[in-house]
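Chemist: Pasting model_16.pdb below, which is PDB, C-alpha atoms (C1' of nucleotides).
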ATOM      1  CA  MET A   1      95.270 133.331 124.248
ATOM      2  CA  PHE A   2      96.414 131.045 121.441
ATOM      3  CA  SER A   3      97.950 131.702 118.090
ATOM      4  CA  ILE A   4      96.312 129.932 115.185
ATOM      5  CA  GLY A   5      99.137 127.384 115.131
ATOM      6  CA  GLN A   6      98.682 126.539 118.795
ATOM      7  CA  LEU A   7      94.946 126.206 118.320
ATOM      8  CA  SER A   8      95.556 124.015 115.320
ATOM      9  CA  SER A   9      97.770 121.543 117.176
ATOM     10  CA  LYS A  10      95.530 121.494 120.247
ATOM     11  CA  VAL A  11      92.401 120.653 118.282
ATOM     12  CA  GLY A  12      93.862 118.740 115.376
ATOM     13  CA  VAL A  13      92.459 121.013 112.705
ATOM     14  CA  LYS A  14      94.901 122.392 110.155
ATOM     15  CA  VAL A  15      95.707 126.094 110.129
ATOM     16  CA  PRO A  16      94.281 126.824 106.658
ATOM     17  CA  THR A  17      91.149 124.891 107.608
ATOM     18  CA  ILE A  18      90.646 127.103 110.662
ATOM     19  CA  ARG A  19      90.922 130.199 108.472
ATOM     20  CA  TYR A  20      88.517 128.561 106.034
ATOM     21  CA  TYR A  21      86.010 127.921 108.839
ATOM     22  CA  GLU A  22      86.271 131.571 109.799
ATOM     23  CA  SER A  23      85.678 132.637 106.205
ATOM     24  CA  ILE A  24      82.442 130.660 105.966
ATOM     25  CA  GLY A  25      81.202 131.893 109.322
ATOM     26  CA  LEU A  26      81.542 128.606 111.193
ATOM     27  CA  ILE A  27      83.707 130.245 113.852
ATOM     28  CA  ASP A  28      83.825 133.907 114.807
ATOM     29  CA  PRO A  29      86.726 136.098 113.725
ATOM     30  CA  PRO A  30      89.021 136.353 116.781
ATOM     31  CA  HIS A  31      90.817 139.389 118.095
ATOM     32  CA  ARG A  32      94.101 140.284 116.452
ATOM     33  CA  SER A  33      97.558 141.046 117.821
ATOM     34  CA  GLU A  34      99.117 144.442 117.098
ATOM     35  CA  GLY A  35     100.729 142.810 114.088
ATOM     36  CA  ASN A  36      97.334 141.589 112.809
ATOM     37  CA  GLN A  37      97.746 137.965 113.805
ATOM     38  CA  ARG A  38      94.807 135.943 115.146
ATOM     39  CA  ARG A  39      94.656 135.508 118.922
ATOM     40  CA  TYR A  40      92.099 133.017 120.229
ATOM     41  CA  GLU A  41      90.352 132.853 123.587
ATOM     42  CA  PRO A  42      90.134 129.401 125.201
ATOM     43  CA  GLU A  43      86.385 129.145 124.466
ATOM     44  CA  VAL A  44      87.011 128.493 120.805
ATOM     45  CA  LEU A  45      88.569 125.157 121.763
ATOM     46  CA  ASP A  46      85.189 123.653 122.555
ATOM     47  CA  ARG A  47      83.539 124.926 119.436
ATOM     48  CA  LEU A  48      86.323 123.743 117.173
ATOM     49  CA  THR A  49      86.427 120.364 118.905
ATOM     50  CA  PHE A  50      82.703 120.042 118.351
ATOM     51  CA  ILE A  51      83.147 120.905 114.685
ATOM     52  CA  ARG A  52      86.058 118.559 114.198
ATOM     53  CA  HIS A  53      84.276 115.713 115.874
ATOM     54  CA  ALA A  54      81.132 116.190 113.838
ATOM     55  CA  ARG A  55      83.176 116.413 110.628
ATOM     56  CA  ASP A  56      84.996 113.207 111.593
ATOM     57  CA  LEU A  57      81.616 111.586 111.940
ATOM     58  CA  GLY A  58      80.875 112.688 108.400
ATOM     59  CA  LEU A  59      78.338 115.425 109.085
ATOM     60  CA  SER A  60      78.170 118.211 106.524
ATOM     61  CA  ILE A  61      79.121 121.769 107.361
ATOM     62  CA  ASP A  62      75.478 122.764 107.000
ATOM     63  CA  ALA A  63      74.360 120.123 109.469
ATOM     64  CA  ILE A  64      77.058 121.272 111.853
ATOM     65  CA  LYS A  65      75.882 124.860 111.592
ATOM     66  CA  ASP A  66      72.415 123.720 112.683
ATOM     67  CA  LEU A  67      73.817 121.703 115.564
ATOM     68  CA  LEU A  68      75.929 124.640 116.732
ATOM     69  CA  ILE A  69      72.853 126.834 116.879
ATOM     70  CA  LEU A  70      71.077 124.163 118.907
ATOM     71  CA  ASN A  71      74.091 123.812 121.131
ATOM     72  CA  ALA A  72      73.982 127.523 121.923
ATOM     73  CA  ASN A  73      70.351 127.319 123.082
ATOM     74  CA  PRO A  74      70.193 124.843 125.986
ATOM     75  CA  ASP A  75      66.445 125.300 126.481
ATOM     76  CA  MET A  76      65.412 124.228 123.028
ATOM     77  CA  PRO A  77      64.074 120.699 122.551
ATOM     78  CA  CYS A  78      66.793 118.418 121.272
ATOM     79  CA  ASP A  79      64.555 116.555 118.841
ATOM     80  CA  GLU A  80      66.199 118.358 116.012
ATOM     81  CA  ALA A  81      69.663 117.230 117.018
ATOM     82  CA  HIS A  82      68.401 113.660 117.040
ATOM     83  CA  LEU A  83      66.755 114.203 113.685
ATOM     84  CA  ILE A  84      70.003 115.370 112.140
ATOM     85  CA  ALA A  85      71.905 112.462 113.648
ATOM     86  CA  ASN A  86      69.310 109.943 112.508
ATOM     87  CA  GLN A  87      69.184 111.364 109.019
ATOM     88  CA  HIS A  88      72.919 111.002 108.864
ATOM     89  CA  LEU A  89      72.709 107.431 110.126
ATOM     90  CA  LYS A  90      70.366 106.607 107.278
ATOM     91  CA  ASP A  91      72.765 108.138 104.774
ATOM     92  CA  LEU A  92      75.596 106.112 106.253
ATOM     93  CA  ALA A  93      73.650 102.871 106.031
ATOM     94  CA  ARG A  94      72.825 103.530 102.393
ATOM     95  CA  LYS A  95      76.418 104.344 101.519
ATOM     96  CA  ILE A  96      77.728 101.252 103.270
ATOM     97  CA  THR A  97      75.324  98.953 101.436
ATOM     98  CA  GLN A  98      76.234 100.490  98.121
ATOM     99  CA  LEU A  99      79.974 100.183  98.691
ATOM    100  CA  GLN A 100      79.557  96.570  99.764
ATOM    101  CA  GLN A 101      77.722  95.786  96.532
ATOM    102  CA  LEU A 102      80.430  97.425  94.475
ATOM    103  CA  SER A 103      83.085  95.569  96.394
ATOM    104  CA  LEU A 104      81.368  92.249  95.699
ATOM    105  CA  GLU A 105      81.013  93.137  92.053
ATOM    106  CA  LEU A 106      84.658  94.064  91.693
ATOM    107  CA  THR A 107      85.758  90.948  93.540
ATOM    108  CA  ARG A 108      83.662  88.817  91.223
ATOM    109  CA  ILE A 109      85.203  90.552  88.219
ATOM    110  CA  THR A 110      88.805  90.183  89.309
ATOM    111  CA  GLN A 111      88.505  86.572  90.438
ATOM    112  CA  ASN A 112      87.117  85.624  87.084
ATOM    113  CA  CYS A 113      90.256  86.288  85.066
ATOM    114  CA  ASP A 114      93.031  83.751  84.488
ATOM    115  CA  SER A 115      94.442  85.386  81.376
ATOM    116  CA  ASP A 116      97.915  86.897  81.078
ATOM    117  CA  THR A 117      97.317  89.450  78.408
ATOM    118  CA  VAL A 118      94.849  92.270  78.064
ATOM    119  CA  GLY A 119      93.274  90.632  75.031
ATOM    120  CA  HIS A 120      91.367  88.123  77.113
ATOM    121  CA  CYS A 121      91.391  89.866  80.468
ATOM    122  CA  LYS A 122      88.059  89.374  82.194
ATOM    123  CA  VAL A 123      88.447  92.503  84.265
ATOM    124  CA  LEU A 124      88.562  94.703  81.188
ATOM    125  CA  GLU A 125      85.831  92.696  79.506
ATOM    126  CA  ALA A 126      83.572  93.016  82.488
ATOM    127  CA  LEU A 127      84.142  96.746  82.639
ATOM    128  CA  GLY A 128      83.158  97.052  79.010
ATOM    129  CA  ASP A 129      80.038  94.961  79.415
ATOM    130  CA  HIS A 130      77.467  95.843  81.975
ATOM    131  CA  SER A 131      75.225  92.871  81.194
ATOM    132  CA  THR A 132      77.210  90.427  83.345
ATOM    133  CA  CYS A 133      76.588  92.429  86.488
ATOM    134  CA  LYS A 134      74.527  91.088  89.360
ATOM    135  CA  SER A 135      73.551  94.362  90.972
ATOM    136  CA  ASP A 136      72.087  97.387  89.241
ATOM    137  CA  HIS A 137      74.634 100.038  90.077
TER
ATOM    138  CA  MET B   1      75.744 108.315  63.564
ATOM    139  CA  PHE B   2      74.306 109.583  66.831
ATOM    140  CA  SER B   3      73.641 113.018  68.143
ATOM    141  CA  ILE B   4      74.942 113.688  71.623
ATOM    142  CA  GLY B   5      71.421 113.302  73.041
ATOM    143  CA  GLN B   6      70.972 109.884  71.437
ATOM    144  CA  LEU B   7      74.366 108.771  72.698
ATOM    145  CA  SER B   8      73.439 110.045  76.129
ATOM    146  CA  SER B   9      70.233 108.031  76.369
ATOM    147  CA  LYS B  10      71.813 104.904  74.891
ATOM    148  CA  VAL B  11      74.666 104.857  77.372
ATOM    149  CA  GLY B  12      73.076 106.514  80.387
ATOM    150  CA  VAL B  13      75.601 109.315  80.647
ATOM    151  CA  LYS B  14      74.236 112.838  80.751
ATOM    152  CA  VAL B  15      74.845 115.182  77.837
ATOM    153  CA  PRO B  16      76.956 117.730  79.751
ATOM    154  CA  THR B  17      78.987 114.865  81.205
ATOM    155  CA  ILE B  18      79.798 113.596  77.704
ATOM    156  CA  ARG B  19      80.981 117.047  76.732
ATOM    157  CA  TYR B  20      82.972 117.176  79.962
ATOM    158  CA  TYR B  21      84.611 113.838  79.160
ATOM    159  CA  GLU B  22      85.559 115.209  75.769
ATOM    160  CA  SER B  23      87.038 118.325  77.351
ATOM    161  CA  ILE B  24      89.332 116.308  79.604
ATOM    162  CA  GLY B  25      90.408 114.001  76.799
ATOM    163  CA  LEU B  26      88.625 110.885  78.008
ATOM    164  CA  ILE B  27      86.834 110.523  74.681
ATOM    165  CA  ASP B  28      87.915 111.881  71.303
ATOM    166  CA  PRO B  29      86.211 114.928  69.782
ATOM    167  CA  PRO B  30      83.755 113.531  67.239
ATOM    168  CA  HIS B  31      82.983 114.847  63.774
ATOM    169  CA  ARG B  32      80.525 117.681  63.508
ATOM    170  CA  SER B  33      77.427 118.253  61.413
ATOM    171  CA  GLU B  34      77.280 121.182  59.024
ATOM    172  CA  GLY B  35      75.668 123.121  61.829
ATOM    173  CA  ASN B  36      78.546 122.275  64.214
ATOM    174  CA  GLN B  37      76.702 119.633  66.228
ATOM    175  CA  ARG B  38      78.508 116.504  67.441
ATOM    176  CA  ARG B  39      77.933 113.335  65.427
ATOM    177  CA  TYR B  40      79.171 110.104  66.944
ATOM    178  CA  GLU B  41      80.222 106.854  65.270
ATOM    179  CA  PRO B  42      78.921 103.648  66.875
ATOM    180  CA  GLU B  43      82.371 102.765  68.279
ATOM    181  CA  VAL B  44      82.103 105.405  70.952
ATOM    182  CA  LEU B  45      79.305 103.379  72.543
ATOM    183  CA  ASP B  46      81.742 100.762  73.837
ATOM    184  CA  ARG B  47      84.201 103.277  75.177
ATOM    185  CA  LEU B  48      81.558 105.305  76.948
ATOM    186  CA  THR B  49      79.934 102.174  78.361
ATOM    187  CA  PHE B  50      83.325 101.127  79.693
ATOM    188  CA  ILE B  51      83.802 104.539  81.269
ATOM    189  CA  ARG B  52      80.348 104.617  82.767
ATOM    190  CA  HIS B  53      80.658 101.160  84.221
ATOM    191  CA  ALA B  54      84.043 101.889  85.735
ATOM    192  CA  ARG B  55      82.739 105.156  87.203
ATOM    193  CA  ASP B  56      79.741 103.314  88.638
ATOM    194  CA  LEU B  57      82.188 100.989  90.307
ATOM    195  CA  GLY B  58      83.843 104.008  91.866
ATOM    196  CA  LEU B  59      87.055 104.114  89.865
ATOM    197  CA  SER B  60      88.632 107.529  89.415
ATOM    198  CA  ILE B  61      88.934 109.183  86.028
ATOM    199  CA  ASP B  62      92.704 108.749  86.207
ATOM    200  CA  ALA B  63      92.378 105.022  86.857
ATOM    201  CA  ILE B  64      89.957 104.779  83.952
ATOM    202  CA  LYS B  65      92.392 106.557  81.661
ATOM    203  CA  ASP B  66      94.981 103.901  82.496
ATOM    204  CA  LEU B  67      92.509 101.091  81.913
ATOM    205  CA  LEU B  68      91.470 102.550  78.564
ATOM    206  CA  ILE B  69      95.081 102.594  77.424
ATOM    207  CA  LEU B  70      95.421  98.960  78.474
ATOM    208  CA  ASN B  71      92.192  98.114  76.726
ATOM    209  CA  ALA B  72      93.534  99.519  73.478
ATOM    210  CA  ASN B  73      96.584  97.241  73.609
ATOM    211  CA  PRO B  74      95.379  93.623  73.667
ATOM    212  CA  ASP B  75      98.909  92.198  73.752
ATOM    213  CA  MET B  76      99.981  93.861  76.954
ATOM    214  CA  PRO B  77      99.979  91.807  80.136
ATOM    215  CA  CYS B  78      96.841  92.472  82.129
ATOM    216  CA  ASP B  79      98.587  92.519  85.501
ATOM    217  CA  GLU B  80      98.187  96.231  85.630
ATOM    218  CA  ALA B  81      94.439  96.071  85.144
ATOM    219  CA  HIS B  82      94.256  93.634  88.051
ATOM    220  CA  LEU B  83      96.491  95.883  90.099
ATOM    221  CA  ILE B  84      94.194  98.842  89.570
ATOM    222  CA  ALA B  85      91.136  96.784  90.427
ATOM    223  CA  ASN B  86      92.749  95.330  93.532
ATOM    224  CA  GLN B  87      93.956  98.704  94.697
ATOM    225  CA  HIS B  88      90.435  99.961  94.365
ATOM    226  CA  LEU B  89      89.090  96.963  96.255
ATOM    227  CA  LYS B  90      91.409  97.810  99.141
ATOM    228  CA  ASP B  91      90.195 101.401  99.128
ATOM    229  CA  LEU B  92      86.616 100.170  99.188
ATOM    230  CA  ALA B  93      87.273  97.846 102.114
ATOM    231  CA  ARG B  94      88.884 100.659 104.088
ATOM    232  CA  LYS B  95      86.041 103.033 103.386
ATOM    233  CA  ILE B  96      83.425 100.456 104.367
ATOM    234  CA  THR B  97      85.133  99.705 107.661
ATOM    235  CA  GLN B  98      85.425 103.378 108.480
ATOM    236  CA  LEU B  99      81.801 104.094 107.692
ATOM    237  CA  GLN B 100      80.691 101.149 109.800
ATOM    238  CA  GLN B 101      82.669 102.447 112.759
ATOM    239  CA  LEU B 102      81.152 105.883 112.365
ATOM    240  CA  SER B 103      77.704 104.392 112.115
ATOM    241  CA  LEU B 104      78.215 102.466 115.348
ATOM    242  CA  GLU B 105      79.553 105.559 117.030
ATOM    243  CA  LEU B 106      76.615 107.655 115.951
ATOM    244  CA  THR B 107      74.155 104.961 116.973
ATOM    245  CA  ARG B 108      75.743 104.759 120.406
ATOM    246  CA  ILE B 109      75.534 108.518 120.747
ATOM    247  CA  THR B 110      71.897 108.819 119.749
ATOM    248  CA  GLN B 111      70.680 105.878 121.820
ATOM    249  CA  ASN B 112      72.286 107.337 124.871
ATOM    250  CA  CYS B 113      70.029 110.370 125.179
ATOM    251  CA  ASP B 114      66.733 110.459 127.016
ATOM    252  CA  SER B 115      66.612 114.199 127.529
ATOM    253  CA  ASP B 116      64.041 116.543 126.032
ATOM    254  CA  THR B 117      66.013 119.723 125.857
ATOM    255  CA  VAL B 118      69.335 120.608 124.319
ATOM    256  CA  GLY B 119      70.806 121.382 127.723
ATOM    257  CA  HIS B 120      71.232 117.731 128.628
ATOM    258  CA  CYS B 121      71.165 116.205 125.167
ATOM    259  CA  LYS B 122      73.702 113.413 124.989
ATOM    260  CA  VAL B 123      74.049 113.737 121.230
ATOM    261  CA  LEU B 124      75.326 117.275 121.488
ATOM    262  CA  GLU B 125      77.449 116.438 124.525
ATOM    263  CA  ALA B 126      79.090 113.556 122.723
ATOM    264  CA  LEU B 127      79.820 115.700 119.718
ATOM    265  CA  GLY B 128      81.552 118.244 121.913
ATOM    266  CA  ASP B 129      83.607 115.654 123.746
ATOM    267  CA  HIS B 130      85.771 113.267 121.818
ATOM    268  CA  SER B 131      86.926 111.389 124.902
ATOM    269  CA  THR B 132      83.843 109.195 125.154
ATOM    270  CA  CYS B 133      84.469 107.678 121.737
ATOM    271  CA  LYS B 134      85.373 104.031 121.299
ATOM    272  CA  SER B 135      87.095 104.299 117.936
ATOM    273  CA  ASP B 136      89.863 106.692 116.972
ATOM    274  CA  HIS B 137      88.289 108.442 114.034
TER
ATOM    275  C1'  DT C   1      57.212 125.302  52.953
ATOM    276  C1'  DG C   2      56.483 127.494  57.445
ATOM    277  C1'  DT C   3      56.874 127.400  62.168
ATOM    278  C1'  DA C   4      57.275 125.851  66.755
ATOM    279  C1'  DA C   5      59.374 122.742  69.911
ATOM    280  C1'  DT C   6      63.235 120.424  70.971
ATOM    281  C1'  DT C   7      67.875 119.736  71.016
ATOM    282  C1'  DG C   8      72.213 121.442  70.384
ATOM    283  C1'  DC C   9      76.266 124.925  70.916
ATOM    284  C1'  DT C  10      79.885 127.670  73.926
ATOM    285  C1'  DC C  11      81.167 129.895  77.923
ATOM    286  C1'  DT C  12      81.247 131.005  82.707
ATOM    287  C1'  DA C  13      80.526 129.978  87.298
ATOM    288  C1'  DG C  14      79.130 127.031  91.159
ATOM    289  C1'  DT C  15      79.299 122.721  94.166
ATOM    290  C1'  DG C  16      81.905 120.840  99.044
ATOM    291  C1'  DA C  17      85.483 121.082 101.928
ATOM    292  C1'  DC C  18      89.273 122.094 101.770
ATOM    293  C1'  DT C  19      94.615 122.476  99.860
ATOM    294  C1'  DA C  20      98.641 124.771  97.609
ATOM    295  C1'  DG C  21     101.369 128.481  96.466
ATOM    296  C1'  DA C  22     103.042 133.314  95.946
ATOM    297  C1'  DG C  23     104.735 137.128  98.082
ATOM    298  C1'  DG C  24     105.014 139.582 101.967
ATOM    299  C1'  DT C  25     104.930 140.593 107.464
ATOM    300  C1'  DT C  26     105.366 139.569 112.459
ATOM    301  C1'  DC C  27     106.917 137.152 116.254
ATOM    302  C1'  DA C  28     109.924 134.619 119.613
ATOM    303  C1'  DA C  29     114.358 132.677 120.723
ATOM    304  C1'  DG C  30     119.145 133.159 121.167
TER
ATOM    305  C1'  DC D   1     119.748 142.523 116.822
ATOM    306  C1'  DT D   2     119.307 138.916 113.865
ATOM    307  C1'  DT D   3     117.474 134.768 112.144
ATOM    308  C1'  DG D   4     114.040 131.569 111.100
ATOM    309  C1'  DA D   5     109.627 129.973 112.023
ATOM    310  C1'  DA D   6     105.089 131.125 112.003
ATOM    311  C1'  DC D   7     101.843 134.248 110.399
ATOM    312  C1'  DC D   8      99.139 137.287 106.912
ATOM    313  C1'  DT D   9      96.076 137.863 102.405
ATOM    314  C1'  DC D  10      94.827 136.553  98.000
ATOM    315  C1'  DT D  11      94.244 133.646  94.131
ATOM    316  C1'  DA D  12      93.730 129.404  92.083
ATOM    317  C1'  DG D  13      93.393 124.382  92.093
ATOM    318  C1'  DT D  14      91.275 119.848  93.505
ATOM    319  C1'  DC D  15      87.298 116.169  91.794
ATOM    320  C1'  DA D  16      83.661 115.112  88.825
ATOM    321  C1'  DC D  17      80.584 117.064  87.445
ATOM    322  C1'  DT D  18      76.089 120.519  87.335
ATOM    323  C1'  DA D  19      73.526 124.850  86.289
ATOM    324  C1'  DG D  20      72.499 128.652  83.677
ATOM    325  C1'  DA D  21      72.702 132.302  80.060
ATOM    326  C1'  DG D  22      72.213 133.377  75.468
ATOM    327  C1'  DC D  23      72.094 131.831  71.093
ATOM    328  C1'  DA D  24      71.956 128.348  66.791
ATOM    329  C1'  DA D  25      70.527 124.099  64.511
ATOM    330  C1'  DT D  26      67.497 120.417  63.788
ATOM    331  C1'  DT D  27      63.181 117.883  63.633
ATOM    332  C1'  DA D  28      58.232 117.107  63.582
ATOM    333  C1'  DC D  29      54.131 118.317  62.112
ATOM    334  C1'  DA D  30      50.571 121.142  59.514
TER
END
Transcribe the structure of this file into structure tokens.
Modeler:
Amino acid sequence: MFSIGQLSSKVGVKVPTIRYYESIGLIDPPHRSEGNQRRYEPEVLDRLTFIRHARDLGLSIDAIKDLLILNANPDMPCDEAHLIANQHLKDLARKITQLQQLSLELTRITQNCDSDTVGHCKVLEALGDHSTCKSDH
Amino acid sequence: MFSIGQLSSKVGVKVPTIRYYESIGLIDPPHRSEGNQRRYEPEVLDRLTFIRHARDLGLSIDAIKDLLILNANPDMPCDEAHLIANQHLKDLARKITQLQQLSLELTRITQNCDSDTVGHCKVLEALGDHSTCKSDH
DNA sequence: TGTAATTGCTCTAGTGACTAGAGGTTCAAG
DNA sequence: CTTGAACCTCTAGTCACTAGAGCAATTACA
């Protein structure tokens, strides 16, 4: 039996976040002590670790809910789990490409300025004028 | 003189977003028509273009506020503008690296499974067990 | 000039995934 | 038995918008 603080430090999820997860139905409400404090059974460790890990990997709470349902039904085909993971991989790839473009753009902008004062600063000029941009963000 | 809809289509910023920008003090409240509708002078085009471009590049509203103040004072040194841009470049680089690691991790996880059912699905196993991970996300 | 369609107005609430704070209660150690 | 840390609930705030309700003004066309 753990208190919420012990659970928090074991799993690496903050105390208010654990209560938040309970409030949105991601984890079940645990039993309470006589003084109304949460007391967790060891099983919750696995579930919370799963959640934390999936969140670290950038999966949304909704996606995690789906995966948790799958996880609870060992006889179901796991295609859907792969589908969710692959969908997320696609999202990641798109985000990475976009950020790389922006990074290039910003590098180009900053390297272009040799002025001292704002009046002729190329960074500020470039921000005010979209036409000099290479990509179509 | 533009209506808010005309301004919106000229600059590519949605109408509610323009009103939102006004509400947080990013753009000045414009004059109104007799019927209380917003009427914009042409000057706002530049400012809103600046804002839109900076937002597209991922800068925060707070950073943009700073840049707009700089922009209005052509005699100030532009070091600060470069500082903001460079800070943002660092953030971008960090984010990109992190996403790439996650992408690798997720790829490794998904390629590792040749099961049909959830019971032995490596994707779900890996999500439940952090210890198999290469990076320390 | 009449009318219908479009565009505009304000206000409130919702999004995602938490985080912060107030004001109070319970628990564990000494 | 006391002290201080950890716990409780509840509300509100974060960021940068977005959605919707209910109504008013403007514009285009006949």
Chemist: Could you please select, counting only C-alpha atoms (C1' of nucleotides), the residues of chain C within 10 Å of chain B and state them as a VMD selection string?
Modeler: chain C and resid 7 to 9
Chemist: Please enumerate the residues selected by the PyMOL selection byres ((chain C and resi 5) around 9) when evaluated against the supplied file, formatted as a CSV table (one decimal) with C-alpha atoms (C1' of nucleotides), in the frame of the given file.
Modeler:
chain,number,residue,atom,x,y,z
C,4,DA,C1',57.3,125.9,66.8
C,6,DT,C1',63.2,120.4,71.0
D,27,DT,C1',63.2,117.9,63.6
D,28,DA,C1',58.2,117.1,63.6
Chemist: Taking the file above as input, evaluate the PyMOL selection byres ((chain D) within 12 of (chain A)) and report the hits as a list in words.
Modeler: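 Here the PyMOL selection byres ((chain D) within 12 of (chain A)) matches DA5, DA6, DC7, DC8 and DT9 of chain D.
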Chemist: With C-alpha atoms (C1' of nucleotides) retained, write the just-selected residues as a CSV table (one decimal), in the coordinates of the input.
Modeler:
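Printed below is again21.csv as written:
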chain,number,residue,atom,x,y,z
D,5,DA,C1',109.6,130.0,112.0
D,6,DA,C1',105.1,131.1,112.0
D,7,DC,C1',101.8,134.2,110.4
D,8,DC,C1',99.1,137.3,106.9
D,9,DT,C1',96.1,137.9,102.4
Chemist: Enumerate, as a ChimeraX atom specification, the residues matched when the PyMOL selection byres ((chain D and resi 19-23) around 8) is run on the file above.
Modeler: /C:14 /D:18,24
Chemist: Any idea which chain A residues end up within 6 Å of chain B if we count only C-alpha atoms, as a ChimeraX atom specification please?
Modeler: /A:50,53,57,74-78,96,102,116-119,127-128
Chemist: Taking all atoms of stretch 5-23 of chain D that appear in the file, build a box with edges along x, y and z, extend it by 4 Å on every side, and state its centre and edge lengths in Å to one decimal, as lines of an AutoDock Vina configuration file.
Modeler:
center_x = 90.9
center_y = 126.5
center_z = 91.6
size_x = 45.5
size_y = 30.8
size_z = 48.9
Chemist: Quote the spacing between atom C1' of C:DG24 and atom C1' of D:DT11 in Å to one decimal place.
Modeler: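 Taking atom C1' of C:DG24 and atom C1' of D:DT11, their separation equals 14.6 Å.
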Chemist: What separation in Å, quoted to one decimal, exists between atom C1' of D:DC17 and atom CA of B:Tyr21?
Modeler: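 Result for atom C1' of D:DC17 versus atom CA of B:Tyr21: 9.8 Å, one decimal.
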Chemist: Per residue of chain C within 12 Å of stretch 8-18 of chain A, note the shortest atom pair and the distance in Å to one decimal, counting only C-alpha atoms (C1' of nucleotides), and order the rows by chain and increasing residue number, as a Markdown table.
Modeler:
| residue | atom | partner | partner_atom | distance |
| --- | --- | --- | --- | --- |
| C:DA17 | C1' | A:Thr17 | CA | 8.9 |
| C:DC18 | C1' | A:Thr17 | CA | 6.7 |
| C:DT19 | C1' | A:Pro16 | CA | 8.1 |
| C:DA20 | C1' | A:Pro16 | CA | 10.3 |
Chemist: Would you mind reading off the distance between atom CA of A:Leu7 and atom CA of A:Tyr40, one decimal, in Å?
Modeler: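 A separation of 7.6 Å between them.
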Chemist: List as a list in words the protein and nucleic acid residues near D:DT3, meaning an atom at most 12 Å away when only C-alpha atoms (C1' of nucleotides) are counted, but skip any in the same chain fewer than 6 places from it.
Modeler: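 Result of the neighbour search: DC27, DA28, DA29 and DG30 of chain C.
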Chemist: Select all residues near (55.1, 124.3, 55.0) (cut-off 12 Å, inclusive, file coordinates), counting all atoms listed in the file, and output them as a list of chain:residue names.
Modeler: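 Residues with an atom at most 12 Å from (55.1, 124.3, 55.0): C:DT1, C:DG2, C:DT3, D:DA28, D:DC29, D:DA30.
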Chemist: Keeping only C-alpha atoms (C1' of nucleotides), write the selected residues to a file as a PDB file, in the frame of the given file.
Modeler:
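Final output, saved to out.pdb:
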ATOM      1  C1'  DT C   1      57.212 125.302  52.953  1.00  0.00           C
ATOM      2  C1'  DG C   2      56.483 127.494  57.445  1.00  0.00           C
ATOM      3  C1'  DT C   3      56.874 127.400  62.168  1.00  0.00           C
TER       4       DT C   3
ATOM      5  C1'  DA D  28      58.232 117.107  63.582  1.00  0.00           C
ATOM      6  C1'  DC D  29      54.131 118.317  62.112  1.00  0.00           C
ATOM      7  C1'  DA D  30      50.571 121.142  59.514  1.00  0.00           C
TER       8       DA D  30
END
